[in-house]
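Undergrad: Got a structure here, written out as structure tokens. Questions coming.
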Amino acid sequence: MPGAGNLPTHEAAEFRAEVARNAPLLTVLHGYTQAVLEIRAQIIGCERFHSVEARAARWLLEMDDRVPQDELTMTHEFLAFMLGVRRQTLSAAVSHLCQQELIVYSGLGRDRRSRRARGRGVRCYEVIRDEFARLVGPPIPRARRELAAVKSA
């Protein structure tokens, strides 16, 4: 599953105490909450008005920001579930994205994101990315990849 891993946990009282004594943390939490609400509103509009192909491209680009690996492994069934469509519908959309060279599909259930998709104007993704960066900062996996690319150049 994309993004699988461990997340540290804290007791609610301990967390509230930390927020109370750490003003910068409260600022980040407020920004994150606002970002989540604004992003959700954008996604609701995207799900209502855009094609499955555009929604799949948006979802894959969002995962590209959040997953540090260069390859995202998933089944068509999983992505279809995430988008709320039939697998056959998603398969047709993925095929078209591959034909446009926006993604590379290599083998059973492996979707490798193409950085070229960023320049193709997936507007919903651009709004989500920019709003998240404005309110919270760039997603850590993407920021690390970009920093590594600059260091190796």
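Residues are referred to by chain and number: the chain letter is A, B, ... according to the order shown in the structure tokens, the number counts from 1 in that chain, and ligands are numbered separately from 1 in the order shown.
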Neighbours of region 86-91 of chain A within 9 Å (only C-alpha atoms; same-chain residues fewer than 3 positions away dropped), as a PyMOL selection string?

TA: chain A and resi 52-53+56+76-81+83+94-96

Undergrad: Print the selection's residues with C-alpha atoms to a file, as a PDB file, in the first residue's frame.

TA:
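Result file follows (again.pdb):
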```pdb
ATOM      1  CA  VAL A  52     -11.393   9.788 -14.488  1.00  0.00           C
ATOM      2  CA  GLU A  53      -8.182  10.380 -16.427  1.00  0.00           C
ATOM      3  CA  ALA A  56      -6.101   9.659 -11.765  1.00  0.00           C
ATOM      4  CA  HIS A  76      -5.619  -0.952 -10.769  1.00  0.00           C
ATOM      5  CA  GLU A  77      -8.181  -2.218  -8.247  1.00  0.00           C
ATOM      6  CA  PHE A  78      -6.606  -0.073  -5.513  1.00  0.00           C
ATOM      7  CA  LEU A  79      -6.456   3.109  -7.591  1.00  0.00           C
ATOM      8  CA  ALA A  80      -9.986   2.495  -8.904  1.00  0.00           C
ATOM      9  CA  PHE A  81     -11.167   2.175  -5.289  1.00  0.00           C
ATOM     10  CA  LEU A  83     -11.086   7.235  -7.217  1.00  0.00           C
ATOM     11  CA  VAL A  94      -4.391   4.672 -17.345  1.00  0.00           C
ATOM     12  CA  SER A  95      -3.946   3.410 -20.905  1.00  0.00           C
ATOM     13  CA  HIS A  96      -4.631   6.902 -22.233  1.00  0.00           C
TER      14      HIS A  96
END
```

Undergrad: Can you tell me, as a ChimeraX atom specification, which residues in region 2-128 of chain A count as strand (DSSP E) by DSSP?

TA: /A:72-73,103-105,110-113

Undergrad: Would you mind exporting C-alpha atoms of the selected residues as a PDB file, in the first residue's frame?

TA:
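Output file selection-v1.pdb follows:
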```pdb
ATOM      1  CA  LEU A  72       4.638   3.667  -6.807  1.00  0.00           C
ATOM      2  CA  THR A  73       3.400   0.090  -6.663  1.00  0.00           C
ATOM      3  CA  ILE A 103       2.902   7.955 -16.713  1.00  0.00           C
ATOM      4  CA  VAL A 104       4.866   4.779 -17.359  1.00  0.00           C
ATOM      5  CA  TYR A 105       3.135   1.524 -16.602  1.00  0.00           C
ATOM      6  CA  ARG A 110       3.223  -0.822 -11.107  1.00  0.00           C
ATOM      7  CA  ASP A 111       2.687   2.801 -11.949  1.00  0.00           C
ATOM      8  CA  ARG A 112       5.828   4.888 -12.170  1.00  0.00           C
ATOM      9  CA  ARG A 113       5.132   8.585 -12.140  1.00  0.00           C
TER      10      ARG A 113
END
```

Undergrad: If you count only C-alpha atoms, which residues fall within 12 Å of Arg129 (chain A), apart from same-chain ones fewer than 4 positions away, as a list of chain:residue names?

TA: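 After dropping sequence-adjacent residues, the list is A:Ala35, A:Val36, A:Glu38, A:Ile39, A:Gln42, A:Ile43, A:Arg58, A:Trp59, A:Leu61, A:Glu62, A:Met63, A:Asp64, A:Asp65, A:Arg66, A:Arg118, A:Val122, A:Arg123, A:Cys124, A:Tyr125, A:Ala133, A:Arg134, A:Leu135, A:Val136, A:Gly137, A:Pro138, A:Pro139, A:Arg142.
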
Undergrad: For Leu37 (chain A), which residue out of A:Gln69, A:Gln100, A:Val19, A:Glu131 is the nearest one, using only C-alpha atoms?

TA: A:Glu131

Undergrad: Select, from A:Asn22, A:Gln34, A:Ser51, A:Thr27, the residue with the minimum atom-to-atom distance to Ala93 (chain A), counting only C-alpha atoms.

TA: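 Closest residue, counting only C-alpha atoms: A:Ser51.
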